[in-house]
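Trainee: Below is the file coords-v6.cif, with mmCIF, C-alpha atoms.
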```
data_entry
#
loop_
_atom_site.group_PDB
_atom_site.id
_atom_site.type_symbol
_atom_site.label_atom_id
_atom_site.label_comp_id
_atom_site.auth_asym_id
_atom_site.auth_seq_id
_atom_site.Cartn_x
_atom_site.Cartn_y
_atom_site.Cartn_z
ATOM 1 C CA MET A 1 44.938 110.336 132.621
ATOM 2 C CA GLY A 2 47.702 112.925 132.182
ATOM 3 C CA ALA A 3 49.964 111.003 134.550
ATOM 4 C CA ARG A 4 49.342 107.744 132.635
ATOM 5 C CA ASN A 5 50.168 109.474 129.319
ATOM 6 C CA SER A 6 53.338 110.900 130.786
ATOM 7 C CA SER A 7 54.323 107.478 132.176
ATOM 8 C CA SER A 8 53.756 105.683 128.849
ATOM 9 C CA LYS A 9 55.694 108.434 127.052
ATOM 10 C CA GLN A 10 58.588 107.893 129.489
ATOM 11 C CA GLU A 11 58.460 104.126 128.902
ATOM 12 C CA GLY A 12 58.556 104.799 125.168
ATOM 13 C CA VAL A 13 61.650 106.971 125.554
ATOM 14 C CA VAL A 14 63.387 104.275 127.656
ATOM 15 C CA TYR A 15 62.472 101.575 125.127
ATOM 16 C CA GLY A 16 63.696 103.751 122.248
ATOM 17 C CA SER A 17 66.934 104.377 124.091
ATOM 18 C CA GLU A 18 67.450 100.631 124.625
ATOM 19 C CA VAL A 19 66.780 99.896 120.955
ATOM 20 C CA LEU A 20 69.244 102.602 119.933
ATOM 21 C CA ALA A 21 71.908 101.216 122.288
ATOM 22 C CA THR A 22 71.422 97.694 120.948
ATOM 23 C CA ALA A 23 71.580 98.908 117.328
ATOM 24 C CA LEU A 24 74.773 100.863 118.036
ATOM 25 C CA LEU A 25 76.275 97.852 119.797
ATOM 26 C CA ILE A 26 75.574 95.612 116.809
ATOM 27 C CA ILE A 27 77.118 98.152 114.392
ATOM 28 C CA HIS A 28 80.087 98.510 116.769
ATOM 29 C CA GLY A 29 80.519 94.730 116.725
ATOM 30 C CA LEU A 30 80.307 94.480 112.930
ATOM 31 C CA ILE A 31 82.894 97.225 112.462
ATOM 32 C CA ALA A 32 85.109 95.487 115.015
ATOM 33 C CA VAL A 33 84.967 92.252 112.986
ATOM 34 C CA ALA A 34 86.046 94.083 109.807
ATOM 35 C CA LEU A 35 88.798 95.820 111.785
ATOM 36 C CA LEU A 36 89.999 92.511 113.227
ATOM 37 C CA GLY A 37 90.297 91.051 109.734
ATOM 38 C CA ALA A 38 92.274 93.997 108.363
ATOM 39 C CA ILE A 39 94.694 94.377 111.269
ATOM 40 C CA THR A 40 95.281 90.631 111.662
ATOM 41 C CA HIS A 41 96.124 90.252 107.982
ATOM 42 C CA GLN A 42 98.433 93.256 108.085
ATOM 43 C CA THR A 43 100.180 92.115 111.278
ATOM 44 C CA LEU A 44 100.801 88.586 110.023
ATOM 45 C CA ALA A 45 102.070 89.943 106.701
ATOM 46 C CA ALA A 46 104.386 92.339 108.547
ATOM 47 C CA TRP A 47 105.801 89.498 110.677
ATOM 48 C CA ALA A 48 105.990 86.953 107.851
ATOM 49 C CA SER A 49 109.474 86.165 106.649
ATOM 50 C CA ALA A 50 110.407 87.875 103.372
ATOM 51 C CA ASP A 51 111.921 84.635 102.055
ATOM 52 C CA ALA A 52 108.719 82.620 102.422
ATOM 53 C CA ARG A 53 108.090 80.411 99.380
ATOM 54 C CA PRO A 54 105.707 82.265 96.994
ATOM 55 C CA ALA A 55 103.428 79.213 96.731
ATOM 56 C CA SER A 56 103.208 78.730 100.513
ATOM 57 C CA PHE A 57 100.350 80.027 102.632
ATOM 58 C CA LEU A 58 102.584 82.719 104.174
ATOM 59 C CA GLY A 59 104.019 83.592 100.784
ATOM 60 C CA ARG A 60 100.566 84.168 99.303
ATOM 61 C CA PHE A 61 99.636 86.086 102.452
ATOM 62 C CA ARG A 62 102.629 88.367 102.056
ATOM 63 C CA SER A 63 102.038 88.926 98.360
ATOM 64 C CA VAL A 64 98.820 90.871 99.105
ATOM 65 C CA PRO A 65 99.810 94.560 99.377
ATOM 66 C CA THR A 66 99.006 95.442 102.984
ATOM 67 C CA ALA A 67 99.902 99.148 103.032
ATOM 68 C CA PRO A 68 96.449 100.201 101.725
ATOM 69 C CA PHE A 69 94.946 98.335 104.710
ATOM 70 C CA ALA A 70 96.253 101.185 106.866
ATOM 71 C CA ASP A 71 93.592 103.580 105.555
ATOM 72 C CA ALA A 72 90.831 101.076 106.334
ATOM 73 C CA VAL A 73 92.272 100.367 109.793
ATOM 74 C CA VAL A 74 92.421 104.080 110.651
ATOM 75 C CA VAL A 75 88.833 104.713 109.532
ATOM 76 C CA LEU A 76 87.399 101.543 111.117
ATOM 77 C CA TYR A 77 89.295 102.049 114.387
ATOM 78 C CA THR A 78 88.155 105.675 114.651
ATOM 79 C CA VAL A 79 84.512 104.870 113.909
ATOM 80 C CA SER A 80 84.580 101.855 116.224
ATOM 81 C CA THR A 81 86.064 103.896 119.081
ATOM 82 C CA LEU A 82 83.559 106.709 118.588
ATOM 83 C CA LEU A 83 80.676 104.213 118.661
ATOM 84 C CA GLY A 84 82.234 102.533 121.685
ATOM 85 C CA GLY A 85 82.449 105.926 123.371
ATOM 86 C CA ILE A 86 78.730 106.503 122.819
ATOM 87 C CA ILE A 87 77.736 102.991 123.927
ATOM 88 C CA TYR A 88 79.908 103.456 127.017
ATOM 89 C CA LEU A 89 77.284 105.892 128.362
ATOM 90 C CA TYR A 90 74.680 103.094 128.339
ATOM 91 C CA PHE A 91 77.216 100.579 129.650
ATOM 92 C CA ARG A 92 78.112 102.781 132.625
ATOM 93 C CA VAL A 93 74.487 103.362 133.634
ATOM 94 C CA ASP A 94 72.757 100.070 132.767
ATOM 95 C CA VAL A 95 75.343 97.294 132.540
ATOM 96 C CA ARG A 96 78.283 98.031 134.810
ATOM 97 C CA PRO A 97 76.247 98.403 138.029
ATOM 98 C CA GLU A 98 74.731 94.969 137.317
ATOM 99 C CA LEU A 99 78.181 93.473 136.757
ATOM 100 C CA GLU A 100 79.318 95.026 140.054
ATOM 101 C CA ARG A 101 76.312 93.660 141.908
ATOM 102 C CA ALA A 102 76.988 90.213 140.421
ATOM 103 C CA GLY A 103 80.644 90.444 141.486
ATOM 104 C CA HIS A 104 82.164 90.099 137.999
ATOM 105 C CA TRP A 105 85.263 92.033 139.076
ATOM 106 C CA HIS A 106 87.595 90.332 136.606
ATOM 107 C CA VAL A 107 85.340 91.247 133.702
ATOM 108 C CA LEU A 108 85.253 94.852 134.894
ATOM 109 C CA GLY A 109 89.038 94.835 135.124
ATOM 110 C CA PHE A 110 89.383 93.489 131.598
ATOM 111 C CA PHE A 111 86.864 96.055 130.373
ATOM 112 C CA ASP A 112 88.731 98.913 132.097
ATOM 113 C CA LEU A 113 91.879 97.794 130.298
ATOM 114 C CA LYS A 114 89.949 97.832 127.037
ATOM 115 C CA GLU A 115 89.104 101.507 127.630
ATOM 116 C CA HIS A 116 92.707 102.427 128.437
ATOM 117 C CA PHE A 117 94.177 100.481 125.540
ATOM 118 C CA ALA A 118 91.586 101.858 123.099
ATOM 119 C CA ALA A 119 92.496 105.446 124.011
ATOM 120 C CA ILE A 120 96.233 104.777 123.623
ATOM 121 C CA GLY A 121 95.582 103.030 120.299
ATOM 122 C CA LEU A 122 93.517 105.920 118.980
ATOM 123 C CA ALA A 123 96.385 108.323 119.629
ATOM 124 C CA LEU A 124 98.806 105.979 117.840
ATOM 125 C CA LEU A 125 96.801 105.998 114.600
ATOM 126 C CA PRO A 126 98.536 109.046 113.032
ATOM 127 C CA ALA A 127 101.992 107.524 113.614
ATOM 128 C CA TYR A 128 100.787 104.122 112.404
ATOM 129 C CA TRP A 129 99.363 105.697 109.244
ATOM 130 C CA VAL A 130 102.559 107.652 108.573
ATOM 131 C CA CYS A 131 104.662 104.486 108.971
ATOM 132 C CA TRP A 132 102.598 102.600 106.384
ATOM 133 C CA ARG A 133 101.630 105.348 103.922
ATOM 134 C CA ARG A 134 104.593 107.779 104.123
ATOM 135 C CA PRO A 135 107.499 105.509 105.068
ATOM 136 C CA LEU A 136 111.013 106.897 105.077
ATOM 137 C CA ALA A 137 113.687 104.891 103.315
ATOM 138 C CA LYS A 138 115.997 105.000 106.352
ATOM 139 C CA GLU A 139 113.249 104.136 108.839
ATOM 140 C CA PRO A 140 113.514 100.619 110.271
ATOM 141 C CA ALA A 141 110.612 98.295 109.421
ATOM 142 C CA GLN A 142 110.701 97.365 113.112
ATOM 143 C CA THR A 143 108.805 100.571 114.026
ATOM 144 C CA ARG A 144 106.004 99.798 111.602
ATOM 145 C CA THR A 145 105.796 96.168 112.652
ATOM 146 C CA ALA A 146 105.789 97.056 116.362
ATOM 147 C CA LEU A 147 103.105 99.723 115.973
ATOM 148 C CA THR A 148 100.926 97.363 113.931
ATOM 149 C CA SER A 149 101.383 94.597 116.497
ATOM 150 C CA ILE A 150 100.430 96.907 119.372
ATOM 151 C CA LEU A 151 97.298 97.982 117.511
ATOM 152 C CA ALA A 152 96.474 94.344 116.715
ATOM 153 C CA PHE A 153 96.826 93.459 120.404
ATOM 154 C CA ILE A 154 94.593 96.389 121.419
ATOM 155 C CA ILE A 155 91.935 95.477 118.850
ATOM 156 C CA TRP A 156 91.909 91.788 119.811
ATOM 157 C CA TRP A 157 91.806 92.687 123.510
ATOM 158 C CA GLY A 158 88.950 95.116 122.956
ATOM 159 C CA PHE A 159 87.003 92.640 120.877
ATOM 160 C CA LEU A 160 87.372 89.739 123.300
ATOM 161 C CA SER A 161 86.760 91.693 126.508
ATOM 162 C CA GLY A 162 83.763 93.470 124.984
ATOM 163 C CA HIS A 163 82.429 90.175 123.703
ATOM 164 C CA VAL A 164 82.794 88.498 127.104
ATOM 165 C CA ALA A 165 81.133 91.432 128.904
ATOM 166 C CA ASN A 166 78.292 91.324 126.419
ATOM 167 C CA ASN A 167 77.905 87.572 126.813
ATOM 168 C CA ILE A 168 77.680 87.877 130.604
ATOM 169 C CA MET A 169 75.331 90.810 130.749
ATOM 170 C CA GLY A 170 74.598 92.350 127.381
ATOM 171 C CA PHE A 171 71.954 94.930 126.676
ATOM 172 C CA GLY A 172 68.432 93.721 127.143
ATOM 173 C CA SER A 173 69.378 91.005 129.644
ATOM 174 C CA MET B 1 107.207 114.121 100.961
ATOM 175 C CA THR B 2 108.532 117.389 102.394
ATOM 176 C CA SER B 3 105.067 118.433 103.517
ATOM 177 C CA SER B 4 104.629 115.126 105.326
ATOM 178 C CA ALA B 5 107.753 115.665 107.479
ATOM 179 C CA PRO B 6 106.060 118.059 109.950
ATOM 180 C CA PHE B 7 103.055 115.745 110.124
ATOM 181 C CA ARG B 8 105.387 112.832 110.823
ATOM 182 C CA ARG B 9 106.995 114.744 113.703
ATOM 183 C CA PHE B 10 103.563 115.666 115.041
ATOM 184 C CA ALA B 11 102.228 112.106 114.748
ATOM 185 C CA PHE B 12 105.206 110.526 116.500
ATOM 186 C CA ALA B 13 105.304 113.127 119.291
ATOM 187 C CA PHE B 14 101.525 112.998 119.772
ATOM 188 C CA GLY B 15 101.300 109.200 119.961
ATOM 189 C CA THR B 16 104.245 108.894 122.313
ATOM 190 C CA THR B 17 103.306 111.653 124.743
ATOM 191 C CA PHE B 18 99.610 110.754 124.752
ATOM 192 C CA ALA B 19 100.417 107.274 126.025
ATOM 193 C CA LEU B 20 102.640 108.712 128.745
ATOM 194 C CA LEU B 21 100.214 111.452 129.773
ATOM 195 C CA TYR B 22 97.272 109.057 129.768
ATOM 196 C CA VAL B 23 98.965 106.919 132.405
ATOM 197 C CA VAL B 24 99.729 110.043 134.451
ATOM 198 C CA ALA B 25 96.091 111.166 134.150
ATOM 199 C CA LEU B 26 94.910 107.696 135.158
ATOM 200 C CA ALA B 27 97.314 107.339 138.079
ATOM 201 C CA LYS B 28 96.692 110.859 139.418
ATOM 202 C CA ASP B 29 92.993 110.854 138.485
ATOM 203 C CA LEU B 30 93.366 114.002 136.389
ATOM 204 C CA ALA B 31 90.218 114.073 134.289
ATOM 205 C CA LEU B 32 89.678 117.259 132.310
ATOM 206 C CA PHE B 33 85.955 116.759 132.909
ATOM 207 C CA THR B 34 83.626 114.247 134.545
ATOM 208 C CA VAL B 35 80.445 112.989 132.924
ATOM 209 C CA PHE B 36 77.433 111.902 134.968
ATOM 210 C CA PRO B 37 75.365 110.145 132.295
ATOM 211 C CA SER B 38 72.330 109.352 134.440
ATOM 212 C CA LEU B 39 72.039 113.013 135.433
ATOM 213 C CA GLY B 40 73.002 114.309 132.011
ATOM 214 C CA ILE B 41 75.624 116.700 133.345
ATOM 215 C CA VAL B 42 79.289 117.330 132.646
ATOM 216 C CA LEU B 43 81.481 118.998 135.246
ATOM 217 C CA ALA B 44 84.940 120.421 134.645
ATOM 218 C CA GLY B 45 87.664 118.541 136.486
ATOM 219 C CA THR B 46 87.490 115.309 138.479
ATOM 220 C CA HIS B 47 84.387 114.870 140.613
ATOM 221 C CA HIS B 48 83.600 111.726 142.546
ATOM 222 C CA SER B 49 80.025 110.811 143.399
ATOM 223 C CA ARG B 50 81.074 110.359 147.021
ATOM 224 C CA ASP B 51 82.227 113.993 147.112
ATOM 225 C CA VAL B 52 78.763 115.340 146.479
ATOM 226 C CA ALA B 53 76.505 112.606 147.853
ATOM 227 C CA ASP B 54 76.388 109.926 150.503
ATOM 228 C CA PRO B 55 78.752 107.081 149.458
ATOM 229 C CA ALA B 56 75.844 104.643 149.714
ATOM 230 C CA MET B 57 73.986 106.715 147.116
ATOM 231 C CA GLY B 58 76.903 106.799 144.685
ATOM 232 C CA PHE B 59 75.280 104.191 142.448
ATOM 233 C CA LEU B 60 72.559 106.715 141.601
ATOM 234 C CA ALA B 61 75.087 108.982 139.919
ATOM 235 C CA PRO B 62 77.733 106.831 138.224
ATOM 236 C CA ALA B 63 80.567 108.974 136.939
ATOM 237 C CA ILE B 64 82.608 108.542 133.775
ATOM 238 C CA TYR B 65 86.244 109.627 133.964
ATOM 239 C CA TRP B 66 87.536 107.860 130.856
ATOM 240 C CA TYR B 67 86.571 110.703 128.504
ATOM 241 C CA GLY B 68 88.187 113.192 130.875
ATOM 242 C CA TRP B 69 91.458 111.218 131.221
ATOM 243 C CA ALA B 70 91.675 110.873 127.442
ATOM 244 C CA ALA B 71 90.915 114.583 126.984
ATOM 245 C CA SER B 72 93.598 115.565 129.526
ATOM 246 C CA ALA B 73 96.161 113.410 127.757
ATOM 247 C CA ALA B 74 95.049 114.650 124.318
ATOM 248 C CA VAL B 75 95.420 118.310 125.289
ATOM 249 C CA GLY B 76 98.900 117.704 126.686
ATOM 250 C CA ALA B 77 99.948 115.549 123.726
ATOM 251 C CA LEU B 78 98.629 118.160 121.308
ATOM 252 C CA GLY B 79 100.977 120.674 122.923
ATOM 253 C CA PHE B 80 103.945 118.323 122.552
ATOM 254 C CA GLY B 81 102.918 117.467 118.990
ATOM 255 C CA LEU B 82 102.740 121.114 117.969
ATOM 256 C CA ALA B 83 106.044 121.795 119.719
ATOM 257 C CA ALA B 84 107.635 118.990 117.700
ATOM 258 C CA VAL B 85 106.428 120.718 114.515
ATOM 259 C CA VAL B 86 107.399 124.247 115.492
ATOM 260 C CA LEU B 87 110.748 123.661 117.233
ATOM 261 C CA PRO B 88 113.880 123.403 115.103
ATOM 262 C CA VAL B 89 114.716 119.785 114.249
ATOM 263 C CA ARG B 90 118.150 120.021 115.926
ATOM 264 C CA TRP B 91 116.462 120.797 119.267
ATOM 265 C CA ILE B 92 114.380 117.649 119.230
ATOM 266 C CA ARG B 93 116.948 115.331 117.649
ATOM 267 C CA THR B 94 117.588 113.666 121.025
ATOM 268 C CA PHE B 95 113.982 112.474 121.117
ATOM 269 C CA SER B 96 113.726 111.606 117.440
ATOM 270 C CA TRP B 97 114.431 107.857 117.749
ATOM 271 C CA SER B 98 111.407 106.328 116.037
ATOM 272 C CA GLY B 99 111.297 103.432 118.522
ATOM 273 C CA TRP B 100 109.873 105.685 121.245
ATOM 274 C CA VAL B 101 106.552 105.675 119.411
ATOM 275 C CA TRP B 102 105.969 102.011 120.182
ATOM 276 C CA LEU B 103 108.141 101.520 123.270
ATOM 277 C CA VAL B 104 106.461 104.224 125.360
ATOM 278 C CA PRO B 105 102.890 103.048 124.541
ATOM 279 C CA ALA B 106 103.919 99.448 125.264
ATOM 280 C CA PHE B 107 105.195 100.431 128.711
ATOM 281 C CA SER B 108 102.148 102.663 129.243
ATOM 282 C CA MET B 109 99.905 99.683 128.575
ATOM 283 C CA ILE B 110 101.831 97.654 131.144
ATOM 284 C CA ALA B 111 101.406 100.559 133.588
ATOM 285 C CA CYS B 112 97.656 100.532 132.868
ATOM 286 C CA VAL B 113 97.585 96.817 133.722
ATOM 287 C CA TYR B 114 99.386 97.583 137.002
ATOM 288 C CA LEU B 115 96.898 100.355 137.833
ATOM 289 C CA THR B 116 93.972 98.049 137.045
ATOM 290 C CA LEU B 117 95.247 95.184 139.241
ATOM 291 C CA PRO B 118 92.975 96.130 142.190
ATOM 292 C CA TRP B 119 89.999 94.863 140.155
ATOM 293 C CA PHE B 120 91.596 91.424 140.042
ATOM 294 C CA ARG B 121 92.173 91.289 143.799
ATOM 295 C CA LEU B 122 88.507 91.731 144.712
#
```
The structure given in the file should be rewritten as structure tokens.

Mentor:
Amino acid sequence: MGARNSSSKQEGVVYGSEVLATALLIIHGLIAVALLGAITHQTLAAWASADARPASFLGRFRSVPTAPFADAVVVLYTVSTLLGGIIYLYFRVDVRPELERAGHWHVLGFFDLKEHFAAIGLALLPAYWVCWRRPLAKEPAQTRTALTSILAFIIWWGFLSGHVANNIMGFGS
Amino acid sequence: MTSSAPFRRFAFAFGTTFALLYVVALAKDLALFTVFPSLGIVLAGTHHSRDVADPAMGFLAPAIYWYGWAASAAVGALGFGLAAVVLPVRWIRTFSWSGWVWLVPAFSMIACVYLTLPWFRL
């Protein structure tokens, strides 16, 4: 009787852990979507030509002040990376061994790159924020544009590789 | 604006050196700590499952090095960032080109791709 109770308690803990991982993954995904929107808008506005016609699509795009997006990008990126770091514990134990057994080496490679890029991107956030929110008059816009583009690449890479990994063998599969 | 100057120096030095040190940590496998999530333990330094158990049993104790690599790079970059704040500006003028902050990470990302290539040859 005691052994059965202990076993059902253990099953309950495992189930609770799976539910928590799935909930965190969904929140991680939702934050990533918001982050994608902010960084993509900011990157396109940074690249858009300054002499675009005001009535054109690019002109209207550029007319939205994008500097305040930097605050949102910093917060969303940080929260998303922290959540990703927590979910990574579940991924390493439950998902990655299955991907290895199934021979999805390319997916694992893409996912490893996501980890590396995400860490590099996180460390770039202070410089990125300074470039947008405390720009120097003499500083070339090229630095800001390049940093934003690198972050946009990292965020898109992370989103797509995470999405593909989840589609192949997401939690609960 | 004056108060943001030291932060600017810190931010640029931190971002640049983190990217560089992360690649070094990855290439040399220098994790500040290793996490074994299934066992619930964290060990200082880099520890491979095969070092403590039969290689065939490695799957029972998957190890996470990513946190450790990032921590190694962060500690090193923090040192460089603080040095950039504390040292006189004339000493660090050589490294003050703002382009380093995106050029070094861009090359570091390419280096990460190179170091990850073995996955794509399996």

Trainee: From the set A:Leu44, A:Ala127, A:Ile27, A:Ile154, which residue has the shortest atom-to-atom contact distance to chain B, counting only C-alpha atoms?

Mentor: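 Looking only at the distances to chain B, the closest residue turns out to be A:Ala127.
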
Trainee: Would you list the contacts of segment 105-109 of chain A as a ChimeraX atom specification, taking every protein, DNA or RNA residue within 8 Å and counting only C-alpha atoms, but skipping same-chain residues closer than 5 positions in sequence?

Mentor: /A:96,99-100,161,164-165 /B:116-117,119-120,122

Trainee: How would the residues just chosen look if you wrote them out with C-alpha atoms as a short mmCIF file (atom, residue, chain, number, x, y, z; two decimals), keeping the file's coordinate frame?

Mentor:
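What follows is the written file again.cif:
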```
data_model
loop_
_atom_site.label_atom_id
_atom_site.label_comp_id
_atom_site.auth_asym_id
_atom_site.auth_seq_id
_atom_site.Cartn_x
_atom_site.Cartn_y
_atom_site.Cartn_z
CA ARG A 96 78.28 98.03 134.81
CA LEU A 99 78.18 93.47 136.76
CA GLU A 100 79.32 95.03 140.05
CA SER A 161 86.76 91.69 126.51
CA VAL A 164 82.79 88.50 127.10
CA ALA A 165 81.13 91.43 128.90
CA THR B 116 93.97 98.05 137.04
CA LEU B 117 95.25 95.18 139.24
CA TRP B 119 90.00 94.86 140.16
CA PHE B 120 91.60 91.42 140.04
CA LEU B 122 88.51 91.73 144.71
#
```

Trainee: Go through A:Ile120, A:Leu136, A:Val79, A:Leu36 and flag the residue nearest Ser98 of chain B, using only C-alpha atoms for the distances.

Mentor: A:Leu136

Trainee: I'd like a table as CSV: residues in chain B with an atom no more than 7 Å from chain A, each row giving the shortest atom pair and its distance in Å to one decimal, only C-alpha atoms counted, sorted by chain and rising residue number.

Mentor:
```
residue,atom,partner,partner_atom,distance
B:Arg8,CA,A:Val130,CA,6.3
B:Ala11,CA,A:Ala127,CA,4.7
B:Phe12,CA,A:Ala127,CA,5.3
B:Phe14,CA,A:Ala123,CA,6.9
B:Gly15,CA,A:Leu124,CA,4.6
B:Phe18,CA,A:Ala123,CA,6.5
B:Ala19,CA,A:Ile120,CA,5.4
B:Pro37,CA,A:Leu89,CA,6.1
B:Ser38,CA,A:Val93,CA,6.4
B:Pro62,CA,A:Val93,CA,6.6
B:Ala70,CA,A:Ala119,CA,6.5
B:Ser98,CA,A:Thr143,CA,6.6
B:Gly99,CA,A:Thr143,CA,5.9
B:Trp102,CA,A:Leu147,CA,5.6
B:Pro105,CA,A:Ile120,CA,6.9
B:Met109,CA,A:Phe117,CA,6.5
B:Cys112,CA,A:Leu113,CA,6.9
B:Val113,CA,A:Leu113,CA,6.7
B:Thr116,CA,A:Gly109,CA,6.2
B:Trp119,CA,A:Gly109,CA,5.1
B:Phe120,CA,A:His106,CA,5.4
B:Leu122,CA,A:Trp105,CA,6.5
```

Trainee: Find the spatial neighbours of Val23 of chain B, counting only C-alpha atoms, within a cut-off of 8 Å - ignore same-chain residues fewer than 3 positions away - and output them as a tab-separated table (two decimals) with C-alpha atoms, in the frame of the given file.

Mentor:
```tsv
chain	number	residue	atom	x	y	z
B	19	ALA	CA	100.42	107.27	126.02
B	20	LEU	CA	102.64	108.71	128.74
B	26	LEU	CA	94.91	107.70	135.16
B	27	ALA	CA	97.31	107.34	138.08
B	108	SER	CA	102.15	102.66	129.24
B	111	ALA	CA	101.41	100.56	133.59
B	112	CYS	CA	97.66	100.53	132.87
```

Trainee: Interatomic distance between atom CA of His163 of chain A and atom CA of Ala32 of chain A?

Mentor: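 Taking atom CA of His163 of chain A as the start and atom CA of Ala32 of chain A as the end point, the length is 10.5 Å.
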
Trainee: Which residues fall under the PyMOL selection byres ((chain B and resi 76) around 10) in this file, as number ranges by chain?

Mentor: B: 14, 17-18, 20-22, 70-75, 77-81

Trainee: If you keep C-alpha atoms, can you produce a file of those selected residues as a short mmCIF file (atom, residue, chain, number, x, y, z; two decimals), keeping the file's coordinate frame?

Mentor:
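Result file is selection.cif:
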```
data_model
loop_
_atom_site.label_atom_id
_atom_site.label_comp_id
_atom_site.auth_asym_id
_atom_site.auth_seq_id
_atom_site.Cartn_x
_atom_site.Cartn_y
_atom_site.Cartn_z
CA PHE B 14 101.52 113.00 119.77
CA THR B 17 103.31 111.65 124.74
CA PHE B 18 99.61 110.75 124.75
CA LEU B 20 102.64 108.71 128.74
CA LEU B 21 100.21 111.45 129.77
CA TYR B 22 97.27 109.06 129.77
CA ALA B 70 91.68 110.87 127.44
CA ALA B 71 90.92 114.58 126.98
CA SER B 72 93.60 115.56 129.53
CA ALA B 73 96.16 113.41 127.76
CA ALA B 74 95.05 114.65 124.32
CA VAL B 75 95.42 118.31 125.29
CA ALA B 77 99.95 115.55 123.73
CA LEU B 78 98.63 118.16 121.31
CA GLY B 79 100.98 120.67 122.92
CA PHE B 80 103.94 118.32 122.55
CA GLY B 81 102.92 117.47 118.99
#
```

Trainee: Rounded to one decimal in Å, what is the spacing between atom CA of Trp132 of chain A and atom CA of Thr66 of chain A?

Mentor: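 Between atom CA of Trp132 of chain A and atom CA of Thr66 of chain A the gap works out to 8.7 Å.
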
Trainee: Taking 3 positions as the minimum chain separation for residues in the same chain, which residues sit within 8 Å of Tyr77 of chain A when counting only C-alpha atoms? Answer as an MDAnalysis selection string.

Mentor: chainID A and resid 32 35 73:74 80:81 122

Trainee: Between B:Leu39, B:Trp69, B:Ile110, B:Ile64, which has the minimum distance to Val24 of chain B (counting only C-alpha atoms)?

Mentor: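 Ranked by minimum distance to Val24 of chain B, first place goes to B:Trp69.
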
Trainee: Out of B:Ala63, B:Leu82, B:Val89, B:Val101, which residue has the shortest atom-to-atom distance to Phe7 of chain B when counting only C-alpha atoms?

Mentor: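 That would be B:Leu82, the residue with the smallest distance to Phe7 of chain B.
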
Trainee: Go ahead and compute the interatomic distance for atom CA of Phe69 of chain A and atom CA of Tyr67 of chain B, in Å to one decimal.

Mentor: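 Those two atoms sit 28.1 Å apart.
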
Trainee: Where's the centre, and what are the edge lengths in Å to one decimal, of a box along x, y and z enclosing all listed atoms of segment 75-87 of chain A padded 6 Å per side, as AutoDock Vina command-line options?

Mentor:
```
--center_x 83.5 --center_y 104.1 --center_z 116.7 --size_x 23.6 --size_y 17.2 --size_z 26.4
```

Trainee: Do you know which residues are at most 9 Å from segment 42-46 of chain B counting only C-alpha atoms, after dropping those on the same chain fewer than 4 positions away, and could you put them as a list in words?

Mentor: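 After dropping sequence-adjacent residues, the list is Asp29, Leu30, Ala31, Leu32, Phe33, Thr34, Val35, Phe36, Pro37, Tyr65 and Gly68 of chain B.
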